[in-house]
$ cat final-v4.cif   # mmCIF, C-alpha atoms
data_query
#
loop_
_atom_site.group_PDB
_atom_site.id
_atom_site.type_symbol
_atom_site.label_atom_id
_atom_site.label_comp_id
_atom_site.auth_asym_id
_atom_site.auth_seq_id
_atom_site.Cartn_x
_atom_site.Cartn_y
_atom_site.Cartn_z
ATOM 1 C CA MET M 1 0.000 0.000 0.000
ATOM 2 C CA SER M 2 2.770 2.425 0.872
ATOM 3 C CA ASP M 3 4.513 1.618 -2.410
ATOM 4 C CA GLU M 4 1.361 2.402 -4.252
ATOM 5 C CA SER M 5 0.875 5.679 -2.398
ATOM 6 C CA SER M 6 4.413 6.825 -2.987
ATOM 7 C CA ARG M 7 4.159 5.899 -6.660
ATOM 8 C CA GLU M 8 0.936 7.873 -6.944
ATOM 9 C CA GLN M 9 2.417 10.891 -5.234
ATOM 10 C CA GLY M 10 5.461 10.912 -7.546
ATOM 11 C CA ALA M 11 5.636 13.053 -10.667
ATOM 12 C CA PRO M 12 3.536 11.584 -13.493
ATOM 13 C CA GLU M 13 5.408 10.627 -16.621
ATOM 14 C CA GLY M 14 4.539 10.677 -20.328
ATOM 15 C CA ASP M 15 1.101 10.888 -21.935
ATOM 16 C CA GLU M 16 -0.653 8.988 -19.197
ATOM 17 C CA GLY M 17 0.740 11.421 -16.636
ATOM 18 C CA SER M 18 -0.420 14.435 -18.651
ATOM 19 C CA MET M 19 -3.883 12.929 -19.081
ATOM 20 C CA ARG M 20 -4.067 12.276 -15.360
ATOM 21 C CA GLU M 21 -3.179 15.894 -14.630
ATOM 22 C CA VAL M 22 -5.896 17.058 -17.028
ATOM 23 C CA ASP M 23 -8.391 14.635 -15.427
ATOM 24 C CA GLU M 24 -7.558 15.792 -11.934
ATOM 25 C CA GLU M 25 -7.676 19.465 -12.898
ATOM 26 C CA ALA M 26 -11.067 19.008 -14.582
ATOM 27 C CA MET M 27 -12.401 17.201 -11.527
ATOM 28 C CA ARG M 28 -11.111 19.885 -9.184
ATOM 29 C CA VAL M 29 -12.946 22.567 -11.178
ATOM 30 C CA LEU M 30 -16.133 20.458 -11.259
ATOM 31 C CA GLU M 31 -15.905 19.737 -7.551
ATOM 32 C CA ASP M 32 -15.244 23.401 -6.650
ATOM 33 C CA GLU M 33 -18.280 24.521 -8.603
ATOM 34 C CA LEU M 34 -20.769 21.751 -7.789
ATOM 35 C CA GLY M 35 -19.464 19.881 -4.724
ATOM 36 C CA ALA M 36 -17.957 16.390 -4.315
ATOM 37 C CA ASP M 37 -21.180 14.576 -5.273
ATOM 38 C CA ALA M 38 -20.970 16.116 -8.745
ATOM 39 C CA LEU M 39 -18.075 13.744 -9.424
ATOM 40 C CA ASP M 40 -20.365 10.732 -9.076
ATOM 41 C CA ASP M 41 -21.718 8.950 -12.119
ATOM 42 C CA VAL M 42 -25.259 8.005 -11.129
ATOM 43 C CA GLU M 43 -25.736 5.500 -13.963
ATOM 44 C CA VAL M 44 -22.549 3.608 -13.231
ATOM 45 C CA ARG M 45 -23.319 3.640 -9.512
ATOM 46 C CA GLU M 46 -26.780 2.223 -10.169
ATOM 47 C CA LEU M 47 -25.328 -0.527 -12.367
ATOM 48 C CA LEU M 48 -22.712 -1.424 -9.761
ATOM 49 C CA ARG M 49 -25.275 -1.620 -7.002
ATOM 50 C CA ARG M 50 -27.634 -3.740 -9.064
ATOM 51 C CA ALA M 51 -24.861 -6.125 -10.003
ATOM 52 C CA LEU M 52 -23.245 -6.413 -6.584
ATOM 53 C CA ASP M 53 -26.191 -5.951 -4.278
ATOM 54 C CA ARG M 54 -27.023 -9.635 -4.746
ATOM 55 C CA GLU M 55 -23.703 -10.549 -3.187
ATOM 56 C CA ARG M 56 -24.982 -10.250 0.331
ATOM 57 C CA PRO M 57 -24.113 -12.564 3.170
ATOM 58 C CA ALA M 58 -26.925 -14.694 4.575
ATOM 59 C CA GLU M 59 -28.726 -13.108 7.518
ATOM 60 C CA ASP M 60 -27.867 -15.926 9.914
ATOM 61 C CA ALA M 61 -24.232 -16.279 8.825
ATOM 62 C CA SER M 62 -21.807 -15.407 11.615
ATOM 63 C CA VAL M 63 -18.062 -15.779 11.598
ATOM 64 C CA LEU M 64 -17.868 -15.324 15.393
ATOM 65 C CA PRO M 65 -17.526 -19.022 16.373
ATOM 66 C CA ASP M 66 -14.792 -19.552 13.767
ATOM 67 C CA VAL M 67 -12.930 -16.401 14.793
ATOM 68 C CA GLN M 68 -13.087 -17.454 18.454
ATOM 69 C CA ARG M 69 -11.852 -20.941 17.605
ATOM 70 C CA ARG M 70 -8.927 -19.511 15.653
ATOM 71 C CA LEU M 71 -7.995 -17.145 18.487
ATOM 72 C CA ARG M 72 -8.328 -19.965 21.009
ATOM 73 C CA ASP M 73 -5.962 -22.123 18.916
ATOM 74 C CA GLU M 74 -3.564 -19.265 18.232
ATOM 75 C CA THR M 75 -3.285 -18.239 21.894
ATOM 76 C CA LYS M 76 -3.133 -21.866 23.029
ATOM 77 C CA GLY M 77 -6.358 -21.475 24.951
ATOM 78 C CA HIS M 78 -5.496 -18.202 26.677
ATOM 79 C CA TYR M 79 -8.488 -16.429 25.095
ATOM 80 C CA PHE M 80 -11.967 -17.849 24.490
ATOM 81 C CA ALA M 81 -10.839 -20.963 26.306
ATOM 82 C CA ASP M 82 -13.645 -21.741 28.717
ATOM 83 C CA GLY M 83 -16.406 -22.276 26.218
ATOM 84 C CA TRP M 84 -18.392 -19.570 27.951
ATOM 85 C CA GLY M 85 -16.717 -16.828 26.012
ATOM 86 C CA THR M 86 -18.119 -18.213 22.789
ATOM 87 C CA THR M 87 -21.530 -16.730 23.522
ATOM 88 C CA PRO M 88 -22.044 -13.010 22.968
ATOM 89 C CA ALA M 89 -24.048 -12.534 26.175
ATOM 90 C CA VAL M 90 -21.339 -13.906 28.431
ATOM 91 C CA ARG M 91 -21.869 -11.350 31.223
ATOM 92 C CA GLU M 92 -25.542 -12.225 31.470
ATOM 93 C CA THR M 93 -24.651 -15.912 31.650
ATOM 94 C CA TYR M 94 -22.270 -15.345 34.562
ATOM 95 C CA LEU M 95 -24.814 -13.130 36.319
ATOM 96 C CA VAL M 96 -27.694 -15.610 36.021
ATOM 97 C CA THR M 97 -25.484 -18.462 37.187
ATOM 98 C CA ALA M 98 -24.272 -16.446 40.177
ATOM 99 C CA ILE M 99 -27.871 -15.575 41.188
ATOM 100 C CA LEU M 100 -28.965 -19.213 40.859
ATOM 101 C CA LEU M 101 -26.055 -20.364 43.005
ATOM 102 C CA LEU M 102 -26.850 -17.752 45.663
ATOM 103 C CA ALA M 103 -30.504 -18.843 45.656
ATOM 104 C CA LEU M 104 -29.411 -22.471 46.043
ATOM 105 C CA LEU M 105 -27.139 -21.572 48.955
ATOM 106 C CA ALA M 106 -29.966 -19.615 50.597
ATOM 107 C CA LEU M 107 -32.312 -22.594 50.261
ATOM 108 C CA ALA M 108 -29.685 -24.906 51.682
ATOM 109 C CA TRP M 109 -29.145 -22.535 54.606
ATOM 110 C CA LEU M 110 -32.883 -22.355 55.289
ATOM 111 C CA ALA M 111 -33.200 -26.108 55.142
ATOM 112 C CA LEU M 112 -30.047 -27.054 56.997
ATOM 113 C CA GLY M 113 -28.956 -23.877 58.836
ATOM 114 C CA PRO M 114 -29.245 -22.989 62.574
ATOM 115 C CA ARG M 115 -33.004 -22.384 62.396
ATOM 116 C CA ALA M 116 -33.614 -25.771 60.835
ATOM 117 C CA LEU M 117 -31.396 -27.361 63.452
ATOM 118 C CA HIS M 118 -33.186 -25.375 66.211
ATOM 119 C CA ARG M 119 -36.555 -26.761 65.087
ATOM 120 C CA LEU M 120 -35.167 -30.257 65.446
ATOM 121 C CA MET Q 121 -20.824 5.207 17.898
ATOM 122 C CA GLU Q 122 -19.809 8.538 19.519
ATOM 123 C CA ASP Q 123 -16.105 9.369 19.892
ATOM 124 C CA ASP Q 124 -16.055 8.926 23.696
ATOM 125 C CA GLU Q 125 -18.022 5.719 23.471
ATOM 126 C CA GLU Q 126 -15.684 4.426 20.767
ATOM 127 C CA ALA Q 127 -12.601 5.332 22.830
ATOM 128 C CA ARG Q 128 -13.987 3.367 25.792
ATOM 129 C CA PHE Q 129 -14.826 0.462 23.518
ATOM 130 C CA VAL Q 130 -11.301 0.469 22.035
ATOM 131 C CA ALA Q 131 -9.827 0.560 25.554
ATOM 132 C CA ARG Q 132 -11.788 -2.613 26.350
ATOM 133 C CA LEU Q 133 -10.473 -4.202 23.145
ATOM 134 C CA VAL Q 134 -6.901 -3.242 24.006
ATOM 135 C CA ALA Q 135 -7.449 -4.857 27.421
ATOM 136 C CA ARG Q 136 -8.433 -8.009 25.499
ATOM 137 C CA ASP Q 137 -11.963 -7.976 26.902
ATOM 138 C CA GLU Q 138 -13.512 -11.007 25.198
ATOM 139 C CA THR Q 139 -17.035 -9.616 25.525
ATOM 140 C CA ALA Q 140 -15.986 -6.404 23.779
ATOM 141 C CA PHE Q 141 -14.377 -8.415 21.027
ATOM 142 C CA ASN Q 142 -17.541 -10.470 20.562
ATOM 143 C CA GLU Q 143 -19.517 -7.234 20.311
ATOM 144 C CA LEU Q 144 -17.043 -5.912 17.741
ATOM 145 C CA VAL Q 145 -17.383 -8.988 15.534
ATOM 146 C CA LEU Q 146 -21.171 -8.942 15.737
ATOM 147 C CA LEU Q 147 -21.223 -5.202 15.021
ATOM 148 C CA PHE Q 148 -19.015 -5.265 11.932
ATOM 149 C CA GLU Q 149 -19.099 -8.783 10.503
ATOM 150 C CA ARG Q 150 -21.927 -8.173 8.041
ATOM 151 C CA ARG Q 151 -20.335 -5.058 6.550
ATOM 152 C CA VAL Q 152 -16.917 -6.682 6.378
ATOM 153 C CA LEU Q 153 -18.336 -9.875 4.885
ATOM 154 C CA ALA Q 154 -20.327 -7.890 2.316
ATOM 155 C CA LEU Q 155 -17.188 -5.961 1.346
ATOM 156 C CA THR Q 156 -14.965 -9.046 1.047
ATOM 157 C CA LEU Q 157 -17.683 -10.875 -0.857
ATOM 158 C CA ARG Q 158 -17.966 -8.035 -3.349
ATOM 159 C CA MET Q 159 -14.224 -7.702 -3.728
ATOM 160 C CA LEU Q 160 -13.381 -11.385 -3.973
ATOM 161 C CA GLY Q 161 -16.544 -12.813 -5.495
ATOM 162 C CA ARG Q 162 -16.323 -16.216 -3.837
ATOM 163 C CA LYS Q 163 -18.227 -16.882 -0.638
ATOM 164 C CA ALA Q 164 -15.681 -19.287 0.847
ATOM 165 C CA ASP Q 165 -12.817 -16.848 0.235
ATOM 166 C CA ALA Q 166 -14.851 -13.959 1.611
ATOM 167 C CA GLU Q 167 -15.657 -15.833 4.830
ATOM 168 C CA GLU Q 168 -12.052 -16.850 5.319
ATOM 169 C CA VAL Q 169 -10.747 -13.323 4.741
ATOM 170 C CA THR Q 170 -13.436 -11.914 7.065
ATOM 171 C CA GLN Q 171 -12.201 -14.239 9.804
ATOM 172 C CA ASP Q 172 -8.634 -13.088 9.064
ATOM 173 C CA VAL Q 173 -9.765 -9.467 9.441
ATOM 174 C CA PHE Q 174 -11.062 -9.994 12.978
ATOM 175 C CA VAL Q 175 -8.092 -12.149 13.987
ATOM 176 C CA GLN Q 176 -5.795 -9.333 12.783
ATOM 177 C CA VAL Q 177 -7.872 -6.758 14.627
ATOM 178 C CA PHE Q 178 -7.602 -8.800 17.833
ATOM 179 C CA ARG Q 179 -3.832 -9.166 17.399
ATOM 180 C CA ASN Q 180 -3.108 -5.577 16.408
ATOM 181 C CA ILE Q 181 -5.705 -3.426 18.143
ATOM 182 C CA GLU Q 182 -2.877 -1.499 19.854
ATOM 183 C CA ALA Q 183 -1.929 -0.216 16.394
ATOM 184 C CA PHE Q 184 -5.256 1.640 16.177
ATOM 185 C CA ARG Q 185 -4.331 5.164 17.260
ATOM 186 C CA GLY Q 186 -7.761 6.705 16.917
ATOM 187 C CA ASP Q 187 -6.768 8.974 14.013
ATOM 188 C CA SER Q 188 -9.712 7.615 12.049
ATOM 189 C CA LYS Q 189 -12.961 5.906 12.974
ATOM 190 C CA LEU Q 190 -12.658 2.306 14.150
ATOM 191 C CA SER Q 191 -14.859 1.209 11.238
ATOM 192 C CA THR Q 192 -12.506 2.897 8.745
ATOM 193 C CA TRP Q 193 -9.520 1.134 10.300
ATOM 194 C CA ILE Q 194 -11.291 -2.240 10.135
ATOM 195 C CA PHE Q 195 -12.203 -1.570 6.491
ATOM 196 C CA ARG Q 196 -8.571 -0.771 5.828
ATOM 197 C CA VAL Q 197 -7.491 -4.110 7.285
ATOM 198 C CA ALA Q 198 -10.175 -5.818 5.164
ATOM 199 C CA VAL Q 199 -9.103 -4.081 1.949
ATOM 200 C CA ASN Q 200 -5.444 -4.940 2.531
ATOM 201 C CA LEU Q 201 -6.261 -8.581 3.159
ATOM 202 C CA CYS Q 202 -8.482 -8.698 0.066
ATOM 203 C CA LYS Q 203 -5.658 -7.219 -2.003
ATOM 204 C CA ASN Q 204 -3.261 -9.845 -0.671
ATOM 205 C CA ARG Q 205 -5.769 -12.580 -1.488
ATOM 206 C CA MET Q 206 -6.298 -11.215 -5.011
ATOM 207 C CA LYS Q 207 -2.521 -11.137 -5.600
ATOM 208 C CA TYR Q 208 -2.292 -14.707 -4.333
ATOM 209 C CA ASP Q 209 -5.145 -15.776 -6.611
ATOM 210 C CA ALA Q 210 -3.578 -13.971 -9.570
ATOM 211 C CA ARG Q 211 -0.279 -15.786 -8.989
ATOM 212 C CA ARG Q 212 -2.131 -19.081 -8.976
ATOM 213 C CA GLY Q 213 -4.110 -17.986 -12.031
ATOM 214 C CA GLY Q 214 -7.363 -18.737 -10.299
ATOM 215 C CA ARG Q 215 -9.830 -15.910 -10.395
ATOM 216 C CA ARG Q 216 -13.561 -16.288 -10.506
ATOM 217 C CA HIS Q 217 -15.128 -16.483 -13.924
ATOM 218 C CA GLU Q 218 -18.854 -16.410 -14.117
ATOM 219 C CA ASP Q 219 -20.575 -18.600 -16.636
ATOM 220 C CA VAL Q 220 -21.719 -15.988 -19.106
ATOM 221 C CA ASP Q 221 -22.731 -18.402 -21.839
ATOM 222 C CA ALA Q 222 -26.264 -18.224 -20.546
ATOM 223 C CA LEU Q 223 -26.401 -14.575 -21.477
ATOM 224 C CA GLY Q 224 -28.553 -14.059 -24.491
ATOM 225 C CA GLU Q 225 -30.588 -11.034 -25.182
ATOM 226 C CA VAL Q 226 -28.861 -7.707 -24.626
ATOM 227 C CA ARG Q 227 -29.899 -4.105 -24.425
ATOM 228 C CA GLU Q 228 -28.420 -0.637 -24.617
ATOM 229 C CA LEU Q 229 -26.709 0.555 -21.447
ATOM 230 C CA ASP Q 230 -28.653 3.784 -21.284
ATOM 231 C CA GLY Q 231 -31.944 1.964 -21.667
ATOM 232 C CA ALA Q 232 -30.996 -0.579 -19.042
ATOM 233 C CA VAL Q 233 -30.119 1.952 -16.395
ATOM 234 C CA GLY Q 234 -33.632 3.331 -16.215
ATOM 235 C CA VAL Q 235 -35.174 -0.013 -15.292
ATOM 236 C CA SER Q 236 -35.884 -0.460 -11.606
ATOM 237 C CA VAL Q 237 -35.173 -3.904 -10.182
ATOM 238 C CA GLY Q 238 -38.333 -3.733 -8.139
ATOM 239 C CA ALA Q 239 -40.390 -2.993 -11.218
ATOM 240 C CA VAL Q 240 -39.353 -6.151 -13.065
ATOM 241 C CA HIS Q 241 -42.064 -8.797 -12.862
ATOM 242 C CA ARG Q 242 -42.584 -10.478 -16.251
ATOM 243 C CA PRO Q 243 -40.507 -13.668 -16.764
ATOM 244 C CA ASP Q 244 -38.809 -12.305 -19.893
ATOM 245 C CA ALA Q 245 -38.038 -9.039 -18.124
ATOM 246 C CA VAL Q 246 -36.665 -10.940 -15.113
ATOM 247 C CA ALA Q 247 -34.430 -13.002 -17.393
ATOM 248 C CA GLU Q 248 -33.279 -9.873 -19.195
ATOM 249 C CA GLU Q 249 -32.507 -8.168 -15.898
ATOM 250 C CA ARG Q 250 -30.522 -11.206 -14.751
ATOM 251 C CA GLN Q 251 -28.556 -11.241 -17.979
ATOM 252 C CA LEU Q 252 -27.724 -7.564 -17.653
ATOM 253 C CA VAL Q 253 -26.593 -8.018 -14.052
ATOM 254 C CA GLU Q 254 -24.371 -10.946 -15.072
ATOM 255 C CA LEU Q 255 -22.920 -8.874 -17.877
ATOM 256 C CA VAL Q 256 -22.135 -5.974 -15.551
ATOM 257 C CA ARG Q 257 -20.527 -8.394 -13.127
ATOM 258 C CA GLU Q 258 -18.373 -9.710 -15.925
ATOM 259 C CA ALA Q 259 -17.313 -6.146 -16.716
ATOM 260 C CA ILE Q 260 -16.544 -5.478 -13.033
ATOM 261 C CA GLU Q 261 -14.437 -8.641 -12.922
ATOM 262 C CA ALA Q 262 -12.459 -7.389 -15.901
ATOM 263 C CA LEU Q 263 -11.705 -4.007 -14.313
ATOM 264 C CA GLU Q 264 -8.228 -3.204 -13.066
ATOM 265 C CA PRO Q 265 -8.170 -4.446 -9.445
ATOM 266 C CA ALA Q 266 -7.261 -0.984 -8.112
ATOM 267 C CA HIS Q 267 -10.220 0.576 -9.940
ATOM 268 C CA ARG Q 268 -12.607 -2.191 -8.895
ATOM 269 C CA GLN Q 269 -11.674 -1.860 -5.243
ATOM 270 C CA LEU Q 270 -12.185 1.912 -5.231
ATOM 271 C CA LEU Q 271 -15.482 1.758 -7.128
ATOM 272 C CA ILE Q 272 -16.848 -0.808 -4.670
ATOM 273 C CA LEU Q 273 -15.835 1.294 -1.671
ATOM 274 C CA ARG Q 274 -17.330 4.495 -3.079
ATOM 275 C CA ASP Q 275 -20.344 3.404 -5.123
ATOM 276 C CA VAL Q 276 -21.474 0.236 -3.331
ATOM 277 C CA GLU Q 277 -20.272 0.631 0.252
ATOM 278 C CA ASP Q 278 -21.107 4.334 0.074
ATOM 279 C CA LEU Q 279 -17.929 5.578 1.736
ATOM 280 C CA SER Q 280 -17.062 9.238 1.198
ATOM 281 C CA TYR Q 281 -14.041 10.055 -0.980
ATOM 282 C CA GLU Q 282 -12.154 11.011 2.199
ATOM 283 C CA GLU Q 283 -13.004 7.672 3.856
ATOM 284 C CA VAL Q 284 -11.921 5.780 0.726
ATOM 285 C CA ALA Q 285 -8.602 7.660 0.858
ATOM 286 C CA GLU Q 286 -8.174 6.690 4.527
ATOM 287 C CA VAL Q 287 -9.099 3.064 3.925
ATOM 288 C CA THR Q 288 -6.785 2.616 0.954
ATOM 289 C CA GLY Q 289 -3.953 4.876 2.120
ATOM 290 C CA LEU Q 290 -4.033 6.751 -1.200
ATOM 291 C CA SER Q 291 -4.135 10.532 -1.562
ATOM 292 C CA LEU Q 292 -7.557 12.119 -2.034
ATOM 293 C CA GLY Q 293 -6.657 13.315 -5.538
ATOM 294 C CA THR Q 294 -5.559 9.838 -6.558
ATOM 295 C CA VAL Q 295 -8.760 8.319 -5.192
ATOM 296 C CA LYS Q 296 -10.942 10.749 -7.155
ATOM 297 C CA SER Q 297 -8.908 10.342 -10.298
ATOM 298 C CA ARG Q 298 -8.906 6.520 -10.134
ATOM 299 C CA ILE Q 299 -12.626 6.335 -9.376
ATOM 300 C CA HIS Q 300 -13.315 8.641 -12.304
ATOM 301 C CA ARG Q 301 -11.212 6.502 -14.643
ATOM 302 C CA GLY Q 302 -12.679 3.302 -13.183
ATOM 303 C CA ARG Q 303 -16.196 4.469 -14.007
ATOM 304 C CA ILE Q 304 -15.188 5.322 -17.560
ATOM 305 C CA GLU Q 305 -13.488 1.916 -17.872
ATOM 306 C CA LEU Q 306 -16.556 0.115 -16.518
ATOM 307 C CA ARG Q 307 -18.939 1.983 -18.800
ATOM 308 C CA GLU Q 308 -16.781 1.192 -21.826
ATOM 309 C CA LYS Q 309 -16.505 -2.470 -20.903
ATOM 310 C CA VAL Q 310 -20.263 -2.845 -20.382
ATOM 311 C CA GLU Q 311 -20.997 -1.130 -23.686
ATOM 312 C CA ARG Q 312 -18.416 -3.281 -25.466
ATOM 313 C CA LEU Q 313 -19.893 -6.466 -23.976
ATOM 314 C CA LEU Q 314 -23.403 -5.367 -24.943
ATOM 315 C CA ALA Q 315 -22.267 -4.720 -28.514
ATOM 316 C CA ALA Q 316 -20.524 -8.109 -28.704
ATOM 317 C CA ARG Q 317 -23.632 -9.888 -27.459
ATOM 318 C CA ARG Q 318 -25.762 -8.032 -29.960
ATOM 319 C CA ILE Q 319 -23.519 -9.116 -32.835
ATOM 320 C CA LEU Q 320 -23.555 -12.723 -31.599
ATOM 321 C CA LYS Q 321 -27.322 -12.652 -31.402
ATOM 322 C CA GLU Q 322 -27.713 -11.176 -34.882
ATOM 323 C CA ASN Q 323 -25.416 -13.839 -36.348
ATOM 324 C CA ALA Q 324 -27.157 -16.694 -34.550
#
$ encode --input "final-v4.cif" --output "structure tokens"
Amino acid sequence: MSDESSREQGAPEGDEGSMREVDEEAMRVLEDELGADALDDVEVRELLRRALDRERPAEDASVLPDVQRRLRDETKGHYFADGWGTTPAVRETYLVTAILLLALLALAWLALGPRALHRL
Amino acid sequence: MEDDEEARFVARLVARDETAFNELVLLFERRVLALTLRMLGRKADAEEVTQDVFVQVFRNIEAFRGDSKLSTWIFRVAVNLCKNRMKYDARRGGRRHEDVDALGEVRELDGAVGVSVGAVHRPDAVAEERQLVELVREAIEALEPAHRQLLILRDVEDLSYEEVAEVTGLSLGTVKSRIHRGRIELREKVERLLAARRILKENA
């Protein structure tokens, strides 16, 4: 990319270079007078969109599981290793599990704690 | 995403917050996949390169300095990876070639442009529309890769000229000039293909 940029920024040579200068000068004048959108070719844009608009990914396609698997492999299990991280709503999963565990502990305490023992 | 919000989000990514990374993939995967699909043409290649994009983002998020929008930076990674893939394909001599033998009836470019896709209902009109689309795709395939990439970013992905310059790393003047020449090249190719089809049809 940098090669390309530096080549583009260098002095143009020969006929192609002269034509490019003329092109760019003409576009600058057009843009100054009518704004950047005036450079657009509506017909070509419409054709491009019609031709390429069909190349849309499926709605349900997600690369997330594959990306996570690749990162898990690449980092030797350091990231996305626990299987929990593979779901987007991981925080909610931890939270719900923590609440359920607390509720279970509370039930156990009520059933087996000092009050339960006192009743016996 | 607002600037402050984006800065906080990037900080989470730099801290390798897995949840933030999941959000990032879900937020951008469709746009990245659409871009790679349009640039590469093949679904399997596009999916693989899209995965590469997010793996690279995860590895190199520290390199994002916030000079541009996060989306622009991700697009830049995607465009670079697509270019690498296209070079690799070119070396192997394996680019996509659509089966255009099915193309039959043709029409003038100017006449075709006025037809709305949504307005096409009759079977013959649907077939004609499909043929035109295939023909345009053939012309796009035949464009210089640098022109094709810039036209897709500007005219299909709807990036501004400034964003295209940021994504590709080219100067603004070069972007405008190449897009201008790419459109002329595309128009000429489509018209040439239409003329060739017309001659074939007349001789059949």
$ residues_around --input "final-v4.cif" --residues "Arg303 in chain Q" --least-positions-apart "2" --cutoff "8 Å" --atoms "all atoms listed in the file" --output "short mmCIF file (atom, residue, chain, number, x, y, z; two decimals) with C-alpha atoms, keeping the file's coordinate frame"
data_model
loop_
_atom_site.label_atom_id
_atom_site.label_comp_id
_atom_site.auth_asym_id
_atom_site.auth_seq_id
_atom_site.Cartn_x
_atom_site.Cartn_y
_atom_site.Cartn_z
CA ASP M 41 -21.72 8.95 -12.12
CA VAL M 44 -22.55 3.61 -13.23
CA LEU Q 271 -15.48 1.76 -7.13
CA ILE Q 299 -12.63 6.34 -9.38
CA HIS Q 300 -13.32 8.64 -12.30
CA ARG Q 301 -11.21 6.50 -14.64
CA GLU Q 305 -13.49 1.92 -17.87
CA LEU Q 306 -16.56 0.12 -16.52
CA ARG Q 307 -18.94 1.98 -18.80
#
$ closest_atom_pairs --input "final-v4.cif" --of "chain Q" --to "chain M" --cutoff "8 Å" --atoms "only C-alpha atoms" --output "CSV"
residue,atom,partner,partner_atom,distance
Q:Glu138,CA,M:Gly85,CA,6.7
Q:Thr139,CA,M:Pro88,CA,6.6
Q:Asn142,CA,M:Pro88,CA,5.7
Q:Glu143,CA,M:Pro88,CA,6.8
Q:Val145,CA,M:Leu64,CA,6.4
Q:Leu146,CA,M:Leu64,CA,7.2
Q:Glu149,CA,M:Val63,CA,7.2
Q:Arg150,CA,M:Pro57,CA,6.9
Q:Leu153,CA,M:Pro57,CA,6.6
Q:Ala154,CA,M:Arg56,CA,5.6
Q:Leu157,CA,M:Glu55,CA,6.5
Q:Arg158,CA,M:Glu55,CA,6.3
Q:Gly161,CA,M:Glu55,CA,7.9
Q:Glu167,CA,M:Val63,CA,7.2
Q:Thr170,CA,M:Val63,CA,7.5
Q:Gln171,CA,M:Val67,CA,5.5
Q:Asp172,CA,M:Val67,CA,7.9
Q:Phe174,CA,M:Val67,CA,6.9
Q:Val175,CA,M:Val67,CA,6.5
Q:Asn200,CA,M:Met1,CA,7.8
Q:Val233,CA,M:Glu43,CA,6.1
Q:Val237,CA,M:Arg50,CA,7.6
Q:Val253,CA,M:Ala51,CA,4.8
Q:Glu254,CA,M:Ala51,CA,7.0
Q:Val256,CA,M:Ala51,CA,6.2
Q:Arg257,CA,M:Ala51,CA,5.8
Q:Ile272,CA,M:Leu48,CA,7.8
Q:Asp275,CA,M:Arg45,CA,5.3
Q:Val276,CA,M:Arg49,CA,5.6
Q:Thr288,CA,M:Met1,CA,7.3
Q:Gly289,CA,M:Met1,CA,6.6
Q:Leu290,CA,M:Ser5,CA,5.2
Q:Ser291,CA,M:Ser5,CA,7.0
Q:Gly293,CA,M:Glu24,CA,6.9
Q:Thr294,CA,M:Glu8,CA,6.8
Q:Lys296,CA,M:Glu24,CA,7.7
Q:Ser297,CA,M:Glu24,CA,5.8
Q:His300,CA,M:Leu39,CA,7.5
Q:Arg303,CA,M:Val44,CA,6.5
Q:Leu306,CA,M:Val44,CA,7.7
Q:Arg307,CA,M:Val44,CA,6.8
$ atom_distance --input "final-v4.cif" --atom1 "CA of Asp137 in chain Q" --atom2 "CA of Gly186 in chain Q"
18.2 Å
$ atom_distance --input "final-v4.cif" --atom1 "CA of Val310 in chain Q" --atom2 "CA of Glu261 in chain Q"
11.1 Å
$ axis_aligned_box --input "final-v4.cif" --around "range 274-285 of chain Q" --padding-each-side "4 Å" --output "lines of an AutoDock Vina configuration file"
center_x = -15.0
center_y = 5.6
center_z = -0.6
size_x = 20.9
size_y = 18.8
size_z = 17.0
$ closest_residue --input "final-v4.cif" --among "Q:Val130, Q:Val199, Q:Val177, Q:Leu320" --to "Val287 in chain Q" --atoms "all atoms listed in the file"
Q:Val199
$ closest_residue --input "final-v4.cif" --among "Q:Leu279, Q:Leu292, Q:Ala140, Q:Leu314" --to "Glu258 in chain Q" --atoms "only C-alpha atoms"
Q:Leu314
$ closest_residue --input "final-v4.cif" --among "Q:Leu263, Q:Ala127, Q:Arg268, Q:Arg298" --to "Asp187 in chain Q" --atoms "only C-alpha atoms"
Q:Ala127
$ atom_distance --input "final-v4.cif" --atom1 "CA of Leu155 in chain Q" --atom2 "CA of Glu277 in chain Q"
7.4 Å
$ residues_near_point --input "final-v4.cif" --point "(-13.6, 11.1, -1.8)" --cutoff "7 Å" --atoms "only C-alpha atoms" --output "PDB file with C-alpha atoms, in the coordinates of the input"
ATOM      1  CA  SER Q 280     -17.062   9.238   1.198  1.00  0.00           C
ATOM      2  CA  TYR Q 281     -14.041  10.055  -0.980  1.00  0.00           C
ATOM      3  CA  GLU Q 282     -12.154  11.011   2.199  1.00  0.00           C
ATOM      4  CA  GLU Q 283     -13.004   7.672   3.856  1.00  0.00           C
ATOM      5  CA  VAL Q 284     -11.921   5.780   0.726  1.00  0.00           C
ATOM      6  CA  ALA Q 285      -8.602   7.660   0.858  1.00  0.00           C
ATOM      7  CA  LEU Q 292      -7.557  12.119  -2.034  1.00  0.00           C
ATOM      8  CA  VAL Q 295      -8.760   8.319  -5.192  1.00  0.00           C
ATOM      9  CA  LYS Q 296     -10.942  10.749  -7.155  1.00  0.00           C
TER      10      LYS Q 296
END
$ closest_residue --input "final-v4.cif" --among "Q:Arg132, Q:Arg162, Q:Lys309, Q:Arg274" --to "Asp209 in chain Q" --atoms "only C-alpha atoms"
Q:Arg162
